[in-house]
$ cat my_file.csv   # CSV, C-alpha atoms
chain,number,residue,atom,x,y,z
A,138,MET,CA,0.0,0.0,0.0
A,139,ASP,CA,1.5,3.4,-1.0
A,140,ASP,CA,1.2,6.8,0.7
A,141,ILE,CA,-1.7,8.0,-1.3
A,142,THR,CA,-4.0,4.9,-0.7
A,143,ALA,CA,-6.7,5.6,1.8
A,144,PRO,CA,-7.4,3.2,4.7
A,145,PRO,CA,-9.9,0.4,4.1
A,146,ARG,CA,-13.5,1.0,5.0
A,147,LEU,CA,-15.9,-1.5,6.7
A,148,THR,CA,-14.5,-4.5,4.9
A,149,ARG,CA,-15.0,-6.8,7.9
A,150,LEU,CA,-18.7,-6.0,8.2
A,151,THR,CA,-21.3,-8.3,6.6
A,152,PHE,CA,-24.3,-6.2,7.9
A,153,HIS,CA,-24.0,-2.6,8.9
A,154,GLY,CA,-25.4,-3.2,12.4
A,155,PRO,CA,-25.5,-5.6,15.3
A,156,LEU,CA,-27.0,-8.5,13.4
A,157,SER,CA,-25.7,-12.0,13.6
A,158,GLU,CA,-25.7,-14.6,10.8
A,159,ASP,CA,-28.2,-16.8,12.9
A,160,ARG,CA,-30.6,-13.9,13.5
A,161,ALA,CA,-30.4,-12.8,9.8
A,162,ALA,CA,-31.2,-16.3,8.7
A,163,GLY,CA,-34.2,-16.5,11.0
A,164,MET,CA,-35.5,-13.2,9.6
A,165,VAL,CA,-35.1,-14.4,6.0
A,166,ARG,CA,-37.0,-17.6,6.9
A,167,ARG,CA,-39.9,-15.8,8.6
A,168,LEU,CA,-40.2,-13.0,6.0
A,169,THR,CA,-40.2,-15.4,3.0
A,170,SER,CA,-42.3,-18.2,4.6
A,171,PRO,CA,-44.6,-19.8,2.1
A,172,THR,CA,-47.3,-19.8,4.8
A,173,ALA,CA,-47.4,-16.0,4.9
A,174,PRO,CA,-50.8,-14.6,3.8
A,175,THR,CA,-49.2,-12.8,0.8
A,176,ALA,CA,-46.2,-14.1,-1.0
A,177,PRO,CA,-43.7,-11.2,-1.2
A,178,THR,CA,-42.5,-10.2,-4.6
A,179,THR,CA,-41.1,-6.7,-3.9
A,180,VAL,CA,-38.5,-5.5,-1.4
A,181,LEU,CA,-37.7,-1.9,-0.5
A,182,ASP,CA,-34.6,-1.2,1.7
A,183,ILE,CA,-34.5,2.2,3.3
A,184,GLY,CA,-31.0,3.5,4.1
A,185,CYS,CA,-29.8,0.2,2.6
A,186,GLY,CA,-26.0,0.7,2.6
A,187,TRP,CA,-24.8,-2.3,0.6
A,188,GLY,CA,-28.2,-4.1,1.2
A,189,GLU,CA,-26.9,-7.4,2.4
A,190,LEU,CA,-30.2,-8.5,4.0
A,191,MET,CA,-32.2,-7.4,0.9
A,192,LEU,CA,-29.9,-9.5,-1.3
A,193,ARG,CA,-30.4,-12.6,1.0
A,194,LEU,CA,-34.2,-12.1,0.8
A,195,LEU,CA,-34.1,-11.9,-3.0
A,196,GLU,CA,-32.0,-15.1,-3.0
A,197,ALA,CA,-34.8,-16.8,-1.1
A,198,MET,CA,-37.5,-15.4,-3.3
A,199,PRO,CA,-36.8,-16.3,-7.0
A,200,GLY,CA,-38.5,-13.8,-9.2
A,201,ALA,CA,-38.8,-11.1,-6.6
A,202,THR,CA,-37.3,-7.6,-7.1
A,203,GLY,CA,-35.6,-5.2,-4.7
A,204,VAL,CA,-34.8,-1.5,-4.5
A,205,GLY,CA,-32.3,-0.1,-2.1
A,206,ILE,CA,-32.0,3.6,-1.5
A,207,ASP,CA,-29.1,5.4,0.3
A,208,LEU,CA,-27.0,8.5,0.0
A,209,ASP,CA,-23.6,6.9,0.3
A,210,GLU,CA,-22.4,6.0,-3.3
A,211,ASP,CA,-19.5,3.9,-2.0
A,212,ASP,CA,-21.9,1.6,-0.1
A,213,LEU,CA,-24.3,1.5,-3.1
A,214,ALA,CA,-21.4,0.5,-5.4
A,215,ARG,CA,-20.6,-2.3,-3.0
A,216,GLY,CA,-24.2,-3.5,-3.1
A,217,ARG,CA,-24.3,-3.4,-6.9
A,218,ALA,CA,-21.1,-5.4,-7.1
A,219,ASN,CA,-22.4,-8.0,-4.6
A,220,ALA,CA,-25.7,-8.3,-6.6
A,221,GLU,CA,-23.7,-8.8,-9.8
A,222,SER,CA,-21.5,-11.5,-8.3
A,223,ARG,CA,-24.6,-13.4,-6.9
A,224,GLY,CA,-26.6,-13.2,-10.1
A,225,LEU,CA,-29.1,-10.7,-8.7
A,226,ALA,CA,-28.2,-7.6,-10.8
A,227,GLU,CA,-31.3,-7.9,-13.0
A,228,ARG,CA,-33.6,-8.1,-10.0
A,229,THR,CA,-32.0,-5.3,-7.9
A,230,ARG,CA,-31.6,-1.6,-8.1
A,231,PHE,CA,-29.4,0.5,-5.8
A,232,VAL,CA,-30.5,4.2,-6.0
A,233,GLN,CA,-28.7,7.2,-4.6
A,234,GLU,CA,-31.5,9.4,-3.2
A,235,SER,CA,-33.0,10.7,0.0
A,236,ALA,CA,-35.6,8.6,1.7
A,237,VAL,CA,-37.6,11.6,2.8
A,238,ASP,CA,-40.9,11.6,0.8
A,239,THR,CA,-39.4,8.9,-1.5
A,240,SER,CA,-41.4,7.9,-4.6
A,241,GLN,CA,-40.1,4.3,-4.3
A,242,GLY,CA,-42.6,1.7,-3.2
A,243,PRO,CA,-44.9,0.6,-1.9
A,244,ALA,CA,-43.4,-2.9,-1.4
A,245,ASP,CA,-44.3,-6.2,0.1
A,246,LEU,CA,-41.3,-6.2,2.4
A,247,VAL,CA,-39.9,-2.9,3.6
A,248,LEU,CA,-36.6,-2.9,5.5
A,249,CYS,CA,-35.4,0.0,7.6
A,250,LEU,CA,-32.5,-1.2,9.7
A,251,GLY,CA,-31.0,1.6,11.8
A,252,ALA,CA,-32.1,4.1,9.3
A,253,SER,CA,-35.4,5.7,10.6
A,254,HIS,CA,-33.6,9.1,10.7
A,255,ALA,CA,-33.4,8.9,6.9
A,256,LEU,CA,-37.2,9.0,6.6
A,257,SER,CA,-37.8,12.3,8.4
A,258,ASP,CA,-36.2,15.7,9.0
A,259,ALA,CA,-37.7,15.6,12.6
A,260,ARG,CA,-35.2,15.6,15.5
A,261,PRO,CA,-35.0,12.6,17.9
A,262,PRO,CA,-37.1,11.2,19.3
A,263,GLU,CA,-39.9,12.6,17.2
A,264,HIS,CA,-38.2,11.1,14.1
A,265,THR,CA,-39.2,7.6,15.1
A,266,THR,CA,-42.9,8.4,15.0
A,267,ALA,CA,-42.6,10.2,11.7
A,268,ALA,CA,-40.6,7.2,10.3
A,269,LEU,CA,-43.2,4.7,11.4
A,270,HIS,CA,-46.0,6.7,9.6
A,271,ALA,CA,-43.8,6.9,6.5
A,272,LEU,CA,-43.2,3.1,6.6
A,273,ARG,CA,-46.9,2.5,6.9
A,274,ARG,CA,-47.3,4.3,3.6
A,275,LEU,CA,-44.5,2.4,2.0
A,276,VAL,CA,-45.8,-1.1,2.7
A,277,THR,CA,-48.4,-2.9,0.7
A,278,PRO,CA,-51.6,-4.3,2.4
A,279,GLY,CA,-50.7,-7.7,3.9
A,280,GLY,CA,-47.0,-6.9,3.6
A,281,ARG,CA,-44.3,-6.7,6.3
A,282,VAL,CA,-42.0,-4.0,7.7
A,283,LEU,CA,-38.7,-5.0,9.4
A,284,LEU,CA,-37.7,-2.1,11.5
A,285,GLY,CA,-34.3,-2.0,13.3
A,286,GLU,CA,-34.4,0.9,15.8
A,287,GLY,CA,-32.2,2.0,18.7
A,288,PHE,CA,-33.6,2.1,22.2
A,289,TRP,CA,-32.3,2.6,25.7
A,290,GLN,CA,-31.7,-0.7,27.6
A,291,ARG,CA,-31.5,1.5,30.7
A,292,PRO,CA,-31.5,5.2,31.3
A,293,PRO,CA,-27.9,6.5,30.5
A,294,ALA,CA,-25.9,8.1,33.3
A,295,PRO,CA,-24.7,11.7,32.8
A,296,GLY,CA,-21.1,10.5,32.3
A,297,GLU,CA,-22.2,8.0,29.7
A,298,LEU,CA,-24.2,10.6,27.8
A,299,GLY,CA,-21.1,12.9,27.9
A,300,ALA,CA,-19.0,10.2,26.3
A,301,MET,CA,-21.5,9.6,23.4
A,302,TRP,CA,-22.0,11.7,20.3
A,303,PRO,CA,-22.4,15.5,20.5
A,304,ASP,CA,-25.7,16.6,22.0
A,305,ALA,CA,-26.6,13.0,23.1
A,306,SER,CA,-29.8,13.1,25.2
A,307,ALA,CA,-31.6,10.8,27.5
A,308,SER,CA,-34.8,11.5,25.6
A,309,GLU,CA,-33.2,10.6,22.2
A,310,PHE,CA,-34.4,7.0,22.3
A,311,HIS,CA,-37.4,5.2,23.7
A,312,HIS,CA,-37.7,2.1,25.9
A,313,VAL,CA,-38.4,-0.9,23.7
A,314,ALA,CA,-42.0,-1.2,25.1
A,315,ASP,CA,-42.7,2.4,24.2
A,316,LEU,CA,-41.2,1.8,20.7
A,317,VAL,CA,-43.7,-1.0,20.2
A,318,ASP,CA,-46.5,1.2,21.4
A,319,LEU,CA,-45.5,3.8,18.8
A,320,ALA,CA,-45.6,1.2,16.1
A,321,ILE,CA,-49.1,0.2,17.1
A,322,ALA,CA,-50.2,3.8,17.2
A,323,ALA,CA,-48.9,4.2,13.6
A,324,GLY,CA,-51.1,1.4,12.3
A,325,PHE,CA,-49.1,-1.8,12.8
A,326,ARG,CA,-49.3,-5.0,14.8
A,327,PRO,CA,-45.9,-6.4,16.1
A,328,ALA,CA,-45.6,-9.9,14.7
A,329,TRP,CA,-42.1,-10.5,16.0
A,330,ILE,CA,-40.1,-8.6,18.6
A,331,GLU,CA,-36.4,-9.3,19.2
A,332,THR,CA,-33.3,-7.3,20.4
A,333,ALA,CA,-29.6,-7.6,19.5
A,334,SER,CA,-27.5,-9.4,22.0
A,335,ASN,CA,-24.4,-8.1,23.7
A,336,ASP,CA,-22.4,-10.5,21.6
A,337,GLU,CA,-23.9,-9.1,18.4
A,338,TRP,CA,-23.0,-5.6,19.5
A,339,GLU,CA,-19.4,-6.5,20.3
A,340,GLU,CA,-19.0,-8.3,17.0
A,341,PHE,CA,-20.4,-5.4,15.1
A,342,GLU,CA,-18.3,-2.7,16.9
A,343,SER,CA,-15.1,-4.7,16.6
A,344,ALA,CA,-15.7,-5.5,12.9
A,345,TYR,CA,-16.6,-1.8,12.4
A,346,GLN,CA,-13.0,-0.8,13.2
A,347,CYS,CA,-10.9,-3.9,12.8
A,348,ASP,CA,-9.6,-3.3,9.3
A,349,VAL,CA,-8.7,0.3,10.0
A,350,GLU,CA,-7.0,-0.6,13.3
A,351,GLU,CA,-4.8,-3.2,11.5
A,352,TRP,CA,-4.1,-0.6,8.8
A,353,LEU,CA,-3.0,1.9,11.4
A,354,ALA,CA,-0.7,-0.6,13.0
A,355,ALA,CA,1.0,-1.3,9.7
A,356,HIS,CA,1.1,2.4,8.5
A,357,PRO,CA,1.7,4.6,11.6
A,358,ASP,CA,3.4,7.3,9.5
A,359,HIS,CA,0.9,7.4,6.6
A,360,PRO,CA,-0.3,10.9,5.7
A,361,LEU,CA,-3.8,9.9,6.7
A,362,ALA,CA,-2.8,8.1,9.9
A,363,ARG,CA,-3.3,10.9,12.4
A,364,GLU,CA,-6.8,11.9,11.3
A,365,THR,CA,-7.7,8.2,11.0
A,366,ARG,CA,-6.5,7.5,14.6
A,367,ASP,CA,-8.4,10.4,15.9
A,368,ARG,CA,-11.6,9.2,14.3
A,369,VAL,CA,-11.4,5.5,15.4
A,370,ASP,CA,-10.2,6.5,18.9
A,371,ARG,CA,-13.2,8.8,19.2
A,372,HIS,CA,-15.6,6.2,18.0
A,373,ARG,CA,-14.2,3.5,20.4
A,374,GLY,CA,-14.5,5.9,23.3
A,375,MET,CA,-18.2,6.6,22.4
A,376,TRP,CA,-18.9,2.9,22.4
A,377,LEU,CA,-16.8,1.7,25.4
A,378,ARG,CA,-17.5,4.7,27.7
A,379,GLY,CA,-20.8,5.7,26.4
A,380,TYR,CA,-23.4,3.5,24.8
A,381,ARG,CA,-22.0,0.0,25.4
A,382,ARG,CA,-24.7,-2.1,27.1
A,383,VAL,CA,-26.8,1.1,27.4
A,384,MET,CA,-28.2,1.5,23.9
A,385,GLY,CA,-29.9,-1.5,22.3
A,386,MET,CA,-31.2,-2.4,18.9
A,387,ALA,CA,-34.7,-3.7,18.5
A,388,TYR,CA,-35.8,-5.6,15.5
A,389,LEU,CA,-39.6,-5.4,15.0
A,390,THR,CA,-41.4,-7.3,12.3
A,391,LEU,CA,-44.5,-5.2,11.8
A,392,VAL,CA,-47.8,-6.1,10.0
A,393,PRO,CA,-49.9,-3.2,8.7
A,394,VAL,CA,-53.5,-3.1,10.0
A,395,ALA,CA,-56.0,-3.5,7.3
$ encode --input "my_file.csv" --output "structure tokens"
Amino acid sequence: MDDITAPPRLTRLTFHGPLSEDRAAGMVRRLTSPTAPTAPTTVLDIGCGWGELMLRLLEAMPGATGVGIDLDEDDLARGRANAESRGLAERTRFVQESAVDTSQGPADLVLCLGASHALSDARPPEHTTAALHALRRLVTPGGRVLLGEGFWQRPPAPGELGAMWPDASASEFHHVADLVDLAIAAGFRPAWIETASNDEWEEFESAYQCDVEEWLAAHPDHPLARETRDRVDRHRGMWLRGYRRVMGMAYLTLVPVA
């Protein structure tokens, strides 16, 4: 690697969130079950990144089509390359656009994993309610929404909040029970409720930084090393001193009320 090559980015991550292979496989089985009232044929992935779960759903549903929307062109390019390598390019589109008031959809399966903020300009925690109403509009009758949303596992202490991102607030996230209530108020019934485990979080956070940490160890004097060290050290501090075992991730499979 020469002095003008940037450090690698997220190469160790399969999913851009605390989601294990076992949990993802279970989600795919449930969402593509032949016993479902409506056989899904369309998938919409909000804030898709590289859309790994969407691609796995499409692999399990021959003939179904999927659209992923995101603002990060690097992630979208990774998704397109993965779709091509898995023979899914003709059934998949990765579109660079904002999800706010998107014209994509409605779809039989709508994914929104850690991306509710992309559906609304409202500030937390109001953005969650706004996102749920947007998702209700984007799902077909009889379809399913898979929402991955942050929540507080317990109220954060002042020192923990101070170690998190700028302007972190105890009101920023809901308790998981209140999150489910918001989904019901927006016109859904919760068909499945699950939360990421501590192991899933630690695997995600470690994989999030592992490739860059190894790059830094091998290239301590690279022109980009100092700013890269500052960035990864800051993120590690937010996790270990701030939201580790304080913030959770709920995965809600939601059914729209007729």
$ atom_distance --input "my_file.csv" --atom1 "atom CA of Thr365 of chain A" --atom2 "atom CA of Met301 of chain A"
18.6 Å
$ axis_aligned_box --input "my_file.csv" --around "segment 219-227 of chain A" --padding-each-side "3 Å" --output "JSON"
{"center_x": -26.4, "center_y": -10.5, "center_z": -8.8, "size_x": 15.8, "size_y": 11.8, "size_z": 14.4}
$ residues_near_point --input "my_file.csv" --point "(-39.0, -2.2, 9.1)" --cutoff "6 Å" --atoms "all atoms listed in the file" --output "number ranges by chain"
A: 247-249, 282-284
$ residues_around --input "my_file.csv" --residues "Ala197 of chain A" --least-positions-apart "2" --cutoff "9 Å" --atoms "all atoms listed in the file" --output "ChimeraX atom specification"
/A:165-166,169,192-195,199,201
$ atom_distance --input "my_file.csv" --atom1 "atom CA of His311 of chain A" --atom2 "atom CA of Ser343 of chain A"
25.4 Å
$ closest_residue --input "my_file.csv" --among "A:Asp367, A:Glu263, A:Ile206, A:Gly216" --to "Val232 of chain A" --atoms "all atoms listed in the file"
A:Ile206
$ closest_residue --input "my_file.csv" --among "A:Val313, A:Ala328, A:Ala162, A:Leu246" --to "Gln290 of chain A" --atoms "all atoms listed in the file"
A:Val313
$ decode --input "my_file.csv" --residues "segment 169-183 of chain A" --atoms "C-alpha atoms" --output "PDB file, in the first residue's frame"
ATOM      1  CA  THR A 169     -40.163 -15.414   3.006  1.00  0.00           C
ATOM      2  CA  SER A 170     -42.255 -18.192   4.553  1.00  0.00           C
ATOM      3  CA  PRO A 171     -44.635 -19.850   2.068  1.00  0.00           C
ATOM      4  CA  THR A 172     -47.269 -19.829   4.821  1.00  0.00           C
ATOM      5  CA  ALA A 173     -47.373 -16.014   4.855  1.00  0.00           C
ATOM      6  CA  PRO A 174     -50.768 -14.559   3.828  1.00  0.00           C
ATOM      7  CA  THR A 175     -49.190 -12.805   0.838  1.00  0.00           C
ATOM      8  CA  ALA A 176     -46.169 -14.118  -1.032  1.00  0.00           C
ATOM      9  CA  PRO A 177     -43.750 -11.163  -1.154  1.00  0.00           C
ATOM     10  CA  THR A 178     -42.539 -10.158  -4.606  1.00  0.00           C
ATOM     11  CA  THR A 179     -41.055  -6.706  -3.933  1.00  0.00           C
ATOM     12  CA  VAL A 180     -38.531  -5.462  -1.382  1.00  0.00           C
ATOM     13  CA  LEU A 181     -37.663  -1.859  -0.488  1.00  0.00           C
ATOM     14  CA  ASP A 182     -34.594  -1.220   1.663  1.00  0.00           C
ATOM     15  CA  ILE A 183     -34.477   2.231   3.283  1.00  0.00           C
TER      16      ILE A 183
END
